[in-house]
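J.: The file below is query-v6.tsv, TSV, C-alpha atoms and all ligand atoms:
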```
chain	number	residue	atom	x	y	z
A	1	MET	CA	-0.69	-28.81	98.71
A	2	PRO	CA	-1.29	-32.55	98.44
A	3	ASP	CA	-2.68	-33.93	95.20
A	4	CYS	CA	-5.91	-34.92	96.90
A	5	THR	CA	-7.74	-33.90	100.05
A	6	ARG	CA	-9.03	-37.35	100.82
A	7	ARG	CA	-5.61	-38.82	100.33
A	8	PRO	CA	-5.36	-42.10	98.46
A	9	VAL	CA	-3.52	-44.77	100.40
A	10	VAL	CA	0.18	-44.72	99.60
A	11	LEU	CA	1.22	-48.37	99.52
A	12	SER	CA	4.04	-48.64	102.01
A	13	ALA	CA	7.32	-50.36	101.26
A	14	ALA	CA	6.51	-52.80	104.08
A	15	ILE	CA	3.35	-54.01	102.34
A	16	TRP	CA	5.16	-54.52	99.05
A	17	LEU	CA	7.98	-56.32	100.84
A	18	ALA	CA	5.55	-58.60	102.65
A	19	MET	CA	3.96	-59.49	99.32
A	20	LEU	CA	7.33	-60.33	97.85
A	21	VAL	CA	8.49	-62.39	100.82
A	22	ALA	CA	5.25	-64.37	100.78
A	23	GLY	CA	6.08	-65.17	97.17
A	24	SER	CA	2.44	-64.65	96.20
A	25	PRO	CA	1.27	-62.25	93.55
A	26	PRO	CA	-0.28	-59.00	94.82
A	27	VAL	CA	-3.82	-59.51	96.05
A	28	HIS	CA	-5.21	-57.57	93.12
A	29	ALA	CA	-3.74	-59.77	90.38
A	30	GLN	CA	-6.14	-61.63	88.09
A	31	THR	CA	-8.50	-58.76	87.62
A	32	LEU	CA	-9.73	-60.28	84.34
A	33	LYS	CA	-10.86	-63.44	86.11
A	34	THR	CA	-12.72	-61.43	88.75
A	35	VAL	CA	-14.39	-59.29	86.08
A	36	GLN	CA	-15.40	-62.36	84.07
A	37	GLU	CA	-16.84	-64.08	87.13
A	38	ARG	CA	-18.76	-60.93	88.06
A	39	SER	CA	-20.03	-60.59	84.46
A	40	THR	CA	-19.68	-56.83	84.53
A	41	LEU	CA	-16.82	-54.35	84.38
A	42	ASN	CA	-16.72	-51.77	87.18
A	43	CYS	CA	-15.60	-48.60	85.48
A	44	GLY	CA	-14.89	-45.38	87.40
A	45	VAL	CA	-16.07	-42.27	85.56
A	46	SER	CA	-16.67	-38.61	86.42
A	47	GLN	CA	-19.92	-37.54	87.97
A	48	GLY	CA	-21.18	-35.46	85.12
A	49	LEU	CA	-18.91	-33.95	82.52
A	50	LEU	CA	-20.61	-33.29	79.21
A	51	GLY	CA	-18.94	-35.13	76.33
A	52	PHE	CA	-16.80	-37.27	78.63
A	53	SER	CA	-19.19	-38.95	81.04
A	54	SER	CA	-22.68	-37.81	81.83
A	55	MET	CA	-26.20	-39.23	81.95
A	56	ASP	CA	-28.38	-38.34	78.98
A	57	ASP	CA	-32.12	-37.56	79.25
A	58	LYS	CA	-32.88	-41.30	79.19
A	59	ASN	CA	-30.52	-41.90	82.13
A	60	ILE	CA	-27.96	-43.59	79.89
A	61	TRP	CA	-24.28	-42.87	80.47
A	62	THR	CA	-22.68	-41.27	77.43
A	63	GLY	CA	-19.33	-39.76	76.56
A	64	PHE	CA	-15.77	-40.32	75.48
A	65	ASP	CA	-14.61	-41.84	78.81
A	66	VAL	CA	-17.81	-43.90	78.98
A	67	ASP	CA	-17.20	-45.30	75.49
A	68	ILE	CA	-13.72	-46.46	76.53
A	69	CYS	CA	-15.46	-48.49	79.28
A	70	ARG	CA	-17.98	-49.87	76.76
A	71	ALA	CA	-15.18	-50.77	74.33
A	72	LEU	CA	-13.48	-52.73	77.13
A	73	ALA	CA	-16.73	-54.52	78.00
A	74	ALA	CA	-17.25	-55.38	74.33
A	75	ALA	CA	-13.66	-56.68	74.10
A	76	ILE	CA	-14.05	-58.79	77.25
A	77	PHE	CA	-17.66	-60.01	77.03
A	78	GLY	CA	-18.68	-59.26	73.45
A	79	ASP	CA	-21.30	-57.02	75.06
A	80	PRO	CA	-20.76	-53.27	75.56
A	81	ALA	CA	-23.63	-53.15	78.06
A	82	LYS	CA	-21.78	-55.22	80.64
A	83	VAL	CA	-20.41	-52.18	82.46
A	84	THR	CA	-21.32	-50.78	85.84
A	85	PHE	CA	-20.49	-47.09	85.84
A	86	MET	CA	-19.22	-45.75	89.13
A	87	PRO	CA	-19.27	-41.94	89.24
A	88	LEU	CA	-16.40	-40.56	91.33
A	89	ASP	CA	-15.27	-37.10	92.33
A	90	ALA	CA	-11.67	-36.08	91.85
A	91	ALA	CA	-10.61	-36.81	95.42
A	92	ALA	CA	-12.19	-40.29	95.62
A	93	ARG	CA	-11.12	-41.69	92.24
A	94	PHE	CA	-7.71	-43.17	93.06
A	95	THR	CA	-8.79	-44.67	96.38
A	96	ALA	CA	-11.65	-46.41	94.54
A	97	LEU	CA	-9.09	-48.08	92.30
A	98	GLN	CA	-6.73	-48.98	95.16
A	99	SER	CA	-9.52	-50.54	97.19
A	100	ASN	CA	-10.79	-52.68	94.29
A	101	ASN	CA	-14.12	-50.85	94.07
A	102	ILE	CA	-13.43	-50.32	90.39
A	103	ASP	CA	-11.46	-52.35	87.85
A	104	VAL	CA	-10.40	-49.40	85.74
A	105	LEU	CA	-10.58	-45.63	86.03
A	106	SER	CA	-11.69	-43.86	82.86
A	107	ARG	CA	-12.26	-40.39	84.24
A	108	ASN	CA	-10.42	-37.44	82.71
A	109	SER	CA	-7.41	-38.29	84.86
A	110	THR	CA	-3.99	-36.92	84.10
A	111	TRP	CA	-1.03	-39.27	83.87
A	112	THR	CA	1.57	-37.89	86.27
A	113	MET	CA	4.67	-39.38	87.82
A	114	SER	CA	3.51	-39.38	91.44
A	115	ARG	CA	0.21	-41.06	90.61
A	116	GLU	CA	2.30	-44.03	89.49
A	117	THR	CA	5.24	-43.88	91.88
A	118	SER	CA	3.34	-43.24	95.09
A	119	LEU	CA	-0.21	-44.46	94.56
A	120	GLY	CA	0.47	-47.95	93.18
A	121	LEU	CA	-1.39	-47.11	89.96
A	122	ILE	CA	-0.38	-47.24	86.33
A	123	PHE	CA	-1.73	-45.42	83.27
A	124	ALA	CA	-2.43	-47.59	80.25
A	125	GLY	CA	-1.95	-44.88	77.64
A	126	VAL	CA	-3.15	-41.45	76.59
A	127	ALA	CA	-6.74	-41.41	75.38
A	128	TYR	CA	-6.83	-37.62	75.14
A	129	TYR	CA	-4.00	-35.11	75.06
A	130	ASP	CA	-5.33	-32.18	77.04
A	131	GLY	CA	-3.86	-29.06	78.59
A	132	GLN	CA	-4.90	-26.72	81.37
A	133	GLY	CA	-6.55	-23.43	80.49
A	134	PHE	CA	-8.59	-20.53	81.80
A	135	LEU	CA	-12.17	-19.41	81.19
A	136	VAL	CA	-13.08	-15.75	81.77
A	137	ARG	CA	-16.03	-13.45	81.14
A	138	ARG	CA	-15.87	-11.71	77.78
A	139	GLU	CA	-16.78	-8.43	79.49
A	140	SER	CA	-13.61	-8.61	81.62
A	141	ASP	CA	-11.55	-7.59	78.58
A	142	ILE	CA	-8.86	-10.06	79.56
A	143	ASP	CA	-7.21	-11.65	76.56
A	144	THR	CA	-4.10	-13.22	78.03
A	145	ALA	CA	-3.48	-15.24	81.18
A	146	LEU	CA	-0.75	-12.77	82.14
A	147	GLN	CA	-3.52	-10.28	82.97
A	148	LEU	CA	-4.93	-12.58	85.65
A	149	GLY	CA	-2.77	-11.29	88.56
A	150	GLY	CA	-4.91	-10.63	91.66
A	151	LYS	CA	-8.01	-12.32	90.19
A	152	THR	CA	-10.05	-14.91	92.06
A	153	VAL	CA	-9.83	-18.34	90.43
A	154	CYS	CA	-12.20	-21.30	90.95
A	155	THR	CA	-10.71	-24.76	90.79
A	156	GLN	CA	-11.45	-28.28	91.95
A	157	THR	CA	-9.82	-29.94	94.93
A	158	GLY	CA	-7.75	-33.09	94.34
A	159	THR	CA	-6.81	-32.21	90.77
A	160	THR	CA	-3.65	-31.34	88.91
A	161	SER	CA	-5.46	-28.09	88.02
A	162	GLU	CA	-5.09	-26.64	91.51
A	163	LEU	CA	-1.38	-27.49	91.63
A	164	ASN	CA	-0.57	-26.07	88.17
A	165	LEU	CA	-2.55	-22.94	88.95
A	166	ALA	CA	-0.39	-22.17	91.97
A	167	ASP	CA	2.80	-22.89	89.96
A	168	TYR	CA	1.76	-20.61	87.10
A	169	PHE	CA	0.93	-17.63	89.29
A	170	ARG	CA	4.06	-18.12	91.37
A	171	SER	CA	6.37	-18.38	88.38
A	172	ASN	CA	4.85	-15.25	86.86
A	173	GLU	CA	4.94	-13.46	90.23
A	174	MET	CA	1.22	-12.74	90.14
A	175	PRO	CA	-0.90	-12.62	93.32
A	176	LEU	CA	-3.58	-15.33	93.39
A	177	LYS	CA	-6.86	-15.86	95.21
A	178	ILE	CA	-8.15	-19.42	94.95
A	179	VAL	CA	-11.68	-20.71	95.61
A	180	GLN	CA	-11.48	-24.50	95.92
A	181	LEU	CA	-14.60	-26.51	95.19
A	182	GLY	CA	-15.41	-30.20	95.58
A	183	THR	CA	-17.05	-31.00	92.25
A	184	ALA	CA	-17.09	-29.69	88.70
A	185	GLU	CA	-20.69	-28.60	89.19
A	186	GLU	CA	-19.82	-26.57	92.28
A	187	SER	CA	-16.92	-24.90	90.43
A	188	ARG	CA	-19.14	-23.98	87.51
A	189	LYS	CA	-21.87	-22.64	89.76
A	190	ALA	CA	-19.42	-20.56	91.81
A	191	TYR	CA	-18.04	-19.06	88.61
A	192	ASP	CA	-21.51	-18.41	87.18
A	193	ASP	CA	-22.51	-16.78	90.48
A	194	ARG	CA	-19.45	-14.50	90.18
A	195	LYS	CA	-17.76	-15.91	93.27
A	196	CYS	CA	-14.66	-16.04	91.09
A	197	ASP	CA	-13.43	-14.15	88.00
A	198	VAL	CA	-11.78	-17.15	86.38
A	199	LEU	CA	-12.45	-20.88	86.06
A	200	THR	CA	-9.47	-23.13	85.48
A	201	SER	CA	-9.35	-26.82	84.51
A	202	ASP	CA	-8.46	-29.05	81.57
A	203	VAL	CA	-9.37	-27.18	78.38
A	204	SER	CA	-11.74	-29.97	77.28
A	205	GLN	CA	-13.66	-29.45	80.51
A	206	LEU	CA	-13.82	-25.71	79.98
A	207	TYR	CA	-15.55	-26.41	76.65
A	208	ALA	CA	-17.99	-28.71	78.46
A	209	GLU	CA	-18.65	-26.42	81.40
A	210	ARG	CA	-19.08	-23.32	79.24
A	211	LEU	CA	-22.08	-24.98	77.56
A	212	LYS	CA	-23.75	-25.28	80.95
A	213	LEU	CA	-23.28	-21.63	81.99
A	214	ALA	CA	-26.29	-19.32	81.93
A	215	ALA	CA	-24.92	-17.46	78.87
A	216	PRO	CA	-22.23	-19.61	77.20
A	217	ASP	CA	-21.37	-17.02	74.54
A	218	SER	CA	-20.41	-14.48	77.18
A	219	HIS	CA	-17.30	-16.44	78.14
A	220	ILE	CA	-14.01	-17.10	76.40
A	221	ILE	CA	-11.18	-19.58	76.83
A	222	LEU	CA	-7.82	-17.78	76.98
A	223	PRO	CA	-5.15	-18.91	74.50
A	224	GLU	CA	-2.55	-20.03	77.08
A	225	VAL	CA	-2.21	-23.70	77.90
A	226	ILE	CA	-0.31	-23.71	81.19
A	227	ALA	CA	0.26	-27.45	81.69
A	228	LYS	CA	0.29	-30.78	79.89
A	229	GLU	CA	-2.69	-32.93	80.86
A	230	PRO	CA	-2.39	-36.32	79.18
A	231	LEU	CA	-5.63	-38.09	80.14
A	232	GLY	CA	-6.00	-41.84	80.08
A	233	PRO	CA	-7.31	-44.97	81.74
A	234	ALA	CA	-5.56	-46.12	84.91
A	235	VAL	CA	-5.37	-49.48	86.67
A	236	ARG	CA	-3.67	-50.92	89.74
A	237	GLN	CA	-0.04	-51.94	89.43
A	238	GLY	CA	0.75	-55.64	89.77
A	239	ASP	CA	-1.61	-57.15	87.22
A	240	ASP	CA	0.18	-57.06	83.88
A	241	GLN	CA	-2.46	-59.09	82.07
A	242	TRP	CA	-5.13	-56.55	82.96
A	243	PHE	CA	-2.84	-53.62	82.23
A	244	ASN	CA	-2.09	-55.08	78.77
A	245	LEU	CA	-5.76	-55.64	78.08
A	246	ILE	CA	-6.66	-52.01	78.83
A	247	LYS	CA	-3.62	-50.65	77.00
A	248	TRP	CA	-4.10	-52.75	73.86
A	249	THR	CA	-7.82	-52.14	73.64
A	250	LEU	CA	-7.12	-48.41	73.61
A	251	TYR	CA	-4.37	-48.93	71.01
A	252	ALA	CA	-6.69	-51.15	68.96
A	253	LEU	CA	-9.22	-48.31	68.73
A	254	ILE	CA	-6.49	-45.93	67.54
A	255	ASN	CA	-5.03	-48.47	65.10
A	256	ALA	CA	-8.54	-49.13	63.77
A	257	GLU	CA	-8.88	-45.48	62.84
A	258	GLU	CA	-5.49	-45.50	61.15
A	259	LEU	CA	-6.44	-48.59	59.15
A	260	GLY	CA	-9.88	-47.21	58.21
A	261	VAL	CA	-11.70	-49.90	60.21
A	262	LYS	CA	-15.05	-48.48	61.36
A	263	SER	CA	-18.08	-49.82	63.20
A	264	ALA	CA	-20.25	-49.67	60.06
A	265	THR	CA	-17.69	-51.56	57.97
A	266	ILE	CA	-16.43	-54.05	60.53
A	267	ASP	CA	-17.88	-57.01	58.59
A	268	ASP	CA	-15.88	-55.95	55.52
A	269	ALA	CA	-12.78	-55.65	57.71
A	270	LEU	CA	-13.29	-59.26	58.81
A	271	LYS	CA	-12.92	-60.25	55.12
A	272	SER	CA	-9.99	-57.95	54.41
A	273	PRO	CA	-6.78	-59.39	52.88
A	274	ASN	CA	-4.70	-56.55	54.45
A	275	PRO	CA	-2.40	-58.25	57.01
A	276	ASN	CA	-2.51	-55.25	59.38
A	277	ILE	CA	-6.29	-55.32	59.39
A	278	ARG	CA	-6.37	-59.11	59.69
A	279	ARG	CA	-4.20	-59.05	62.82
A	280	LEU	CA	-6.28	-56.25	64.32
A	281	VAL	CA	-9.65	-57.94	63.78
A	282	GLY	CA	-8.38	-61.40	64.66
A	283	THR	CA	-8.60	-63.23	61.35
A	284	GLU	CA	-4.84	-63.76	61.56
A	285	GLY	CA	-2.72	-64.50	64.65
A	286	GLU	CA	-3.77	-65.11	68.22
A	287	PHE	CA	-3.46	-61.66	69.67
A	288	GLY	CA	-6.79	-61.75	71.51
A	289	GLN	CA	-6.00	-65.11	73.03
A	290	GLN	CA	-2.68	-63.76	74.29
A	291	LEU	CA	-4.67	-61.14	76.22
A	292	GLY	CA	-6.94	-63.81	77.69
A	293	LEU	CA	-9.76	-62.86	75.32
A	294	ALA	CA	-11.31	-64.02	72.04
A	295	ASN	CA	-9.22	-63.30	68.95
A	296	ASP	CA	-11.84	-60.88	67.59
A	297	TRP	CA	-11.58	-58.76	70.76
A	298	ALA	CA	-10.72	-55.57	68.87
A	299	ALA	CA	-13.40	-56.15	66.23
A	300	ARG	CA	-15.96	-56.45	69.03
A	301	ALA	CA	-14.84	-53.16	70.54
A	302	VAL	CA	-14.94	-51.30	67.21
A	303	ARG	CA	-18.30	-52.81	66.29
A	304	ALA	CA	-19.74	-51.60	69.61
A	305	VAL	CA	-18.42	-48.04	69.84
A	306	GLY	CA	-16.48	-47.31	66.65
A	307	ASN	CA	-12.79	-46.58	66.23
A	308	TYR	CA	-10.96	-43.82	68.12
A	309	GLY	CA	-11.95	-41.14	65.61
A	310	GLU	CA	-15.60	-42.18	65.69
A	311	ILE	CA	-15.61	-42.08	69.50
A	312	TYR	CA	-13.97	-38.65	69.42
A	313	GLU	CA	-16.25	-37.09	66.81
A	314	ARG	CA	-19.47	-38.43	68.31
A	315	ASN	CA	-18.76	-37.27	71.86
A	316	ILE	CA	-16.52	-34.24	71.75
A	317	GLY	CA	-15.67	-33.49	68.12
A	318	THR	CA	-17.46	-31.88	65.25
A	319	GLN	CA	-20.58	-34.06	65.54
A	320	SER	CA	-21.04	-33.05	69.18
A	321	ARG	CA	-22.12	-29.92	71.05
A	322	LEU	CA	-18.59	-29.45	72.38
A	323	SER	CA	-17.09	-29.29	68.89
A	324	ILE	CA	-13.46	-29.53	70.06
A	325	PRO	CA	-11.07	-29.65	67.09
A	326	ARG	CA	-8.96	-32.84	66.92
A	327	GLY	CA	-5.74	-30.81	67.37
A	328	LEU	CA	-3.09	-32.89	69.16
A	329	ASN	CA	-5.51	-35.80	69.20
A	330	ALA	CA	-5.42	-36.23	65.45
A	331	LEU	CA	-3.52	-39.31	64.32
A	332	TRP	CA	0.22	-38.91	63.76
A	333	THR	CA	-0.51	-39.41	60.05
A	334	GLN	CA	-2.78	-36.33	60.11
A	335	GLY	CA	-0.58	-33.87	61.99
A	336	GLY	CA	-1.47	-34.94	65.53
A	337	ILE	CA	0.34	-37.08	68.10
A	338	GLN	CA	-2.06	-40.01	68.55
A	339	TYR	CA	0.19	-42.92	67.70
A	340	ALA	CA	-0.46	-46.55	68.64
A	341	PRO	CA	2.19	-49.28	68.48
A	342	PRO	CA	1.35	-52.01	65.98
A	343	VAL	CA	-0.62	-55.21	66.57
A	344	ARG	CA	1.91	-57.83	65.55
B	1	LIG	N1	-7.19	-33.94	84.70
B	1	LIG	C1	-7.11	-33.37	86.00
B	1	LIG	C2	-8.45	-32.75	86.43
B	1	LIG	C3	-9.51	-33.78	86.62
B	1	LIG	C4	-10.81	-33.32	87.28
B	1	LIG	O1	-11.34	-34.04	88.13
B	1	LIG	N2	-11.34	-32.18	86.92
B	1	LIG	C5	-12.63	-31.75	87.43
B	1	LIG	C6	-13.03	-30.40	86.91
B	1	LIG	S1	-12.03	-29.08	87.36
B	1	LIG	C7	-13.68	-32.72	86.97
B	1	LIG	O2	-13.60	-33.25	85.91
B	1	LIG	N3	-14.69	-32.97	87.69
B	1	LIG	C8	-15.71	-33.86	87.23
B	1	LIG	C9	-16.55	-34.30	88.35
B	1	LIG	O3	-16.37	-33.79	89.46
B	1	LIG	O4	-17.38	-35.17	88.09
B	1	LIG	C10	-6.64	-34.39	87.02
B	1	LIG	O5	-6.51	-35.56	86.67
B	1	LIG	O6	-6.42	-34.03	88.17
```
As structure tokens, please, write out the structure in this file.
Ligand SMILES: N[C@@H](CCC(=O)N[C@@H](CS)C(=O)NCC(=O)O)C(=O)O
T.:
Amino acid sequence: MPDCTRRPVVLSAAIWLAMLVAGSPPVHAQTLKTVQERSTLNCGVSQGLLGFSSMDDKNIWTGFDVDICRALAAAIFGDPAKVTFMPLDAAARFTALQSNNIDVLSRNSTWTMSRETSLGLIFAGVAYYDGQGFLVRRESDIDTALQLGGKTVCTQTGTTSELNLADYFRSNEMPLKIVQLGTAEESRKAYDDRKCDVLTSDVSQLYAERLKLAAPDSHIILPEVIAKEPLGPAVRQGDDQWFNLIKWTLYALINAEELGVKSATIDDALKSPNPNIRRLVGTEGEFGQQLGLANDWAARAVRAVGNYGEIYERNIGTQSRLSIPRGLNALWTQGGIQYAPPVR
């Protein structure tokens, strides 16, 4: 089964070779310049995934993935509003990046080897360590994934979820009936309408989708996590400046949490004598300039959306309806694995 139905264009060796022979940088280099000239960042997001990217009742995009886009806009322009959100389904997301329709993809996308080695894309880091799980009806009396043999499972086309699902059933020698749907909404509806016994996707999404079911409390997430799903922003290969900008803005948000730099206290941080904080907020060194930005690039991002922990708690953590525990996404200093290299 291919990774996507509408298959993203695999850049052929011939195209790469032609680029090299011509001695010119790939056509998609200098993304920052294009973004600055356009005065808005084109950010690919999901079409409607509570907590990650969805429109609120005032038609404003909100969510964890959305805030990464806003942090980038704040870092680039000093204005978190300079983002154009481009909602994409799973199958269309990588093609949108390849064809320059978006500058960055911030859409619950799993970092896998083939998405880098065959699609010409590169992941800038892990914004959210996720895993794949299963949602079932409480009344089914199923309490482990090993009882799922012969059940009908709903999943979304063009995702890692459909591939891992097949692997898991095959390796446990369980018969499987799959119902493949095009969007998250269709999957949820099919499950709610009992067209399938099980819904599978990234666990974070199961939390989000459960809230939208007719009777959320009548469904449980099984304890098994059957695959690693490291989610993060992706860009095109061949533009290292842009790649660094996305990567270091994400790391800046994580480092800000570690250093206790928050949106409400950013003005204090700008006066801090702590060298780690000074480098992060740009009162020492020229780290922003080296990215092609202003030296207070990270301070702008944190002022606009908060540090990593603030973004997490507001959208998907304890202050949100999803209430997903930090778990693996806690900082390495707090028992998790979120760990950003230093700004120095
Ligand atoms: N992380 C996985 C799954 C991503 C994915 O697209 N999942 C579906 C739900 S099963 C989704 O989020 N859909 C949102 C949408 O269609 O807007 C991947 O990168 O393939």
J.: Rank A:Ala234, A:Ala340, A:Ile311, A:Leu148 by their smallest atom-to-atom distance to A:Ala96, using all atoms listed in the file, and report the top residue only.
T.: A:Ala234
J.: Name the closest residue to ligand LIG 1 (chain B) among the candidates A:Gln47, A:Ser99, A:Ser263, A:Asn295; distances are taken between atoms, counting only C-alpha atoms and all ligand atoms.
T.: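 Going through A:Gln47, A:Ser99, A:Ser263, A:Asn295 one by one, the smallest distance to ligand LIG 1 (chain B) is for A:Gln47.
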J.: Counting all atoms listed in the file, name the residues that have an atom within 8 Å of an atom of ligand LIG 1 (chain B); the answer should be given as a PDB file with C-alpha atoms, in the coordinates of the input.
T.:
```pdb
ATOM      1  CA  ASP A   3      -2.680 -33.930  95.200  1.00  0.00           C
ATOM      2  CA  VAL A  45     -16.070 -42.270  85.560  1.00  0.00           C
ATOM      3  CA  SER A  46     -16.670 -38.610  86.420  1.00  0.00           C
ATOM      4  CA  GLN A  47     -19.920 -37.540  87.970  1.00  0.00           C
ATOM      5  CA  GLY A  48     -21.180 -35.460  85.120  1.00  0.00           C
ATOM      6  CA  LEU A  49     -18.910 -33.950  82.520  1.00  0.00           C
ATOM      7  CA  PRO A  87     -19.270 -41.940  89.240  1.00  0.00           C
ATOM      8  CA  LEU A  88     -16.400 -40.560  91.330  1.00  0.00           C
ATOM      9  CA  ASP A  89     -15.270 -37.100  92.330  1.00  0.00           C
ATOM     10  CA  ALA A  90     -11.670 -36.080  91.850  1.00  0.00           C
ATOM     11  CA  ALA A  91     -10.610 -36.810  95.420  1.00  0.00           C
ATOM     12  CA  ARG A 107     -12.260 -40.390  84.240  1.00  0.00           C
ATOM     13  CA  ASN A 108     -10.420 -37.440  82.710  1.00  0.00           C
ATOM     14  CA  SER A 109      -7.410 -38.290  84.860  1.00  0.00           C
ATOM     15  CA  THR A 110      -3.990 -36.920  84.100  1.00  0.00           C
ATOM     16  CA  TRP A 111      -1.030 -39.270  83.870  1.00  0.00           C
ATOM     17  CA  THR A 155     -10.710 -24.760  90.790  1.00  0.00           C
ATOM     18  CA  GLN A 156     -11.450 -28.280  91.950  1.00  0.00           C
ATOM     19  CA  THR A 157      -9.820 -29.940  94.930  1.00  0.00           C
ATOM     20  CA  GLY A 158      -7.750 -33.090  94.340  1.00  0.00           C
ATOM     21  CA  THR A 159      -6.810 -32.210  90.770  1.00  0.00           C
ATOM     22  CA  THR A 160      -3.650 -31.340  88.910  1.00  0.00           C
ATOM     23  CA  SER A 161      -5.460 -28.090  88.020  1.00  0.00           C
ATOM     24  CA  GLY A 182     -15.410 -30.200  95.580  1.00  0.00           C
ATOM     25  CA  THR A 183     -17.050 -31.000  92.250  1.00  0.00           C
ATOM     26  CA  ALA A 184     -17.090 -29.690  88.700  1.00  0.00           C
ATOM     27  CA  GLU A 185     -20.690 -28.600  89.190  1.00  0.00           C
ATOM     28  CA  SER A 187     -16.920 -24.900  90.430  1.00  0.00           C
ATOM     29  CA  THR A 200      -9.470 -23.130  85.480  1.00  0.00           C
ATOM     30  CA  SER A 201      -9.350 -26.820  84.510  1.00  0.00           C
ATOM     31  CA  ASP A 202      -8.460 -29.050  81.570  1.00  0.00           C
ATOM     32  CA  GLN A 205     -13.660 -29.450  80.510  1.00  0.00           C
ATOM     33  CA  GLU A 229      -2.690 -32.930  80.860  1.00  0.00           C
ATOM     34  CA  PRO A 230      -2.390 -36.320  79.180  1.00  0.00           C
ATOM     35  CA  LEU A 231      -5.630 -38.090  80.140  1.00  0.00           C
TER      36      LEU A 231
END
```
J.: Would you work out the distance separating atom CA of A:Thr40 from atom CA of A:Asn255, expressed in Å to one decimal?
T.: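 Between atom CA of A:Thr40 and atom CA of A:Asn255 the gap works out to 25.7 Å.
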J.: I'd like the neighbourhood of A:Gln241 as a tab-separated table (two decimals) with C-alpha atoms, in the coordinates of the input, where a residue qualifies if any of its atoms comes within 8 Å (using all atoms listed in the file), though same-chain residues fewer than 6 positions away should be ignored.
T.:
```tsv
chain	number	residue	atom	x	y	z
A	30	GLN	CA	-6.14	-61.63	88.09
A	32	LEU	CA	-9.73	-60.28	84.34
A	291	LEU	CA	-4.67	-61.14	76.22
A	292	GLY	CA	-6.94	-63.81	77.69
```
J.: Using only C-alpha atoms, which protein or nucleic acid residues come within 8 Å of stretch 126-139 of chain A? Drop anything in the same chain fewer than 2 positions from it, and give the result as a PDB file with C-alpha atoms, in the coordinates of the input.
T.:
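Listed below is the output, around_4.pdb:
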```pdb
ATOM      1  CA  TRP A 111      -1.030 -39.270  83.870  1.00  0.00           C
ATOM      2  CA  PHE A 123      -1.730 -45.420  83.270  1.00  0.00           C
ATOM      3  CA  ALA A 124      -2.430 -47.590  80.250  1.00  0.00           C
ATOM      4  CA  ASP A 141     -11.550  -7.590  78.580  1.00  0.00           C
ATOM      5  CA  ILE A 142      -8.860 -10.060  79.560  1.00  0.00           C
ATOM      6  CA  ALA A 145      -3.480 -15.240  81.180  1.00  0.00           C
ATOM      7  CA  SER A 161      -5.460 -28.090  88.020  1.00  0.00           C
ATOM      8  CA  ASP A 197     -13.430 -14.150  88.000  1.00  0.00           C
ATOM      9  CA  VAL A 198     -11.780 -17.150  86.380  1.00  0.00           C
ATOM     10  CA  LEU A 199     -12.450 -20.880  86.060  1.00  0.00           C
ATOM     11  CA  THR A 200      -9.470 -23.130  85.480  1.00  0.00           C
ATOM     12  CA  SER A 201      -9.350 -26.820  84.510  1.00  0.00           C
ATOM     13  CA  ASP A 202      -8.460 -29.050  81.570  1.00  0.00           C
ATOM     14  CA  VAL A 203      -9.370 -27.180  78.380  1.00  0.00           C
ATOM     15  CA  SER A 204     -11.740 -29.970  77.280  1.00  0.00           C
ATOM     16  CA  LEU A 206     -13.820 -25.710  79.980  1.00  0.00           C
ATOM     17  CA  SER A 218     -20.410 -14.480  77.180  1.00  0.00           C
ATOM     18  CA  HIS A 219     -17.300 -16.440  78.140  1.00  0.00           C
ATOM     19  CA  ILE A 220     -14.010 -17.100  76.400  1.00  0.00           C
ATOM     20  CA  ILE A 221     -11.180 -19.580  76.830  1.00  0.00           C
ATOM     21  CA  LEU A 222      -7.820 -17.780  76.980  1.00  0.00           C
ATOM     22  CA  PRO A 223      -5.150 -18.910  74.500  1.00  0.00           C
ATOM     23  CA  GLU A 224      -2.550 -20.030  77.080  1.00  0.00           C
ATOM     24  CA  VAL A 225      -2.210 -23.700  77.900  1.00  0.00           C
ATOM     25  CA  ILE A 226      -0.310 -23.710  81.190  1.00  0.00           C
ATOM     26  CA  ALA A 227       0.260 -27.450  81.690  1.00  0.00           C
ATOM     27  CA  LYS A 228       0.290 -30.780  79.890  1.00  0.00           C
ATOM     28  CA  GLU A 229      -2.690 -32.930  80.860  1.00  0.00           C
ATOM     29  CA  PRO A 230      -2.390 -36.320  79.180  1.00  0.00           C
ATOM     30  CA  LEU A 231      -5.630 -38.090  80.140  1.00  0.00           C
ATOM     31  CA  GLY A 232      -6.000 -41.840  80.080  1.00  0.00           C
ATOM     32  CA  PRO A 233      -7.310 -44.970  81.740  1.00  0.00           C
ATOM     33  CA  LEU A 250      -7.120 -48.410  73.610  1.00  0.00           C
ATOM     34  CA  LEU A 328      -3.090 -32.890  69.160  1.00  0.00           C
ATOM     35  CA  ASN A 329      -5.510 -35.800  69.200  1.00  0.00           C
TER      36      ASN A 329
END
```
J.: So which residues touch stretch 288-290 of chain A within 10 Å, counting all atoms listed in the file, skipping near sequence neighbours fewer than 6 positions away, as a list in words?
T.: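 Here the answer would be Ala75, Ile76, Gln241, Asn244, Leu245, Trp248, Thr249, Arg279, Leu280, Val281, Gly282, Asp296, Trp297 and Ala298 of chain A.
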J.: Mind writing the picked residues with C-alpha atoms as a short mmCIF file (atom, residue, chain, number, x, y, z; two decimals), in the frame of the given file?
T.:
```
data_model
loop_
_atom_site.label_atom_id
_atom_site.label_comp_id
_atom_site.auth_asym_id
_atom_site.auth_seq_id
_atom_site.Cartn_x
_atom_site.Cartn_y
_atom_site.Cartn_z
CA ALA A 75 -13.66 -56.68 74.10
CA ILE A 76 -14.05 -58.79 77.25
CA GLN A 241 -2.46 -59.09 82.07
CA ASN A 244 -2.09 -55.08 78.77
CA LEU A 245 -5.76 -55.64 78.08
CA TRP A 248 -4.10 -52.75 73.86
CA THR A 249 -7.82 -52.14 73.64
CA ARG A 279 -4.20 -59.05 62.82
CA LEU A 280 -6.28 -56.25 64.32
CA VAL A 281 -9.65 -57.94 63.78
CA GLY A 282 -8.38 -61.40 64.66
CA ASP A 296 -11.84 -60.88 67.59
CA TRP A 297 -11.58 -58.76 70.76
CA ALA A 298 -10.72 -55.57 68.87
#
```
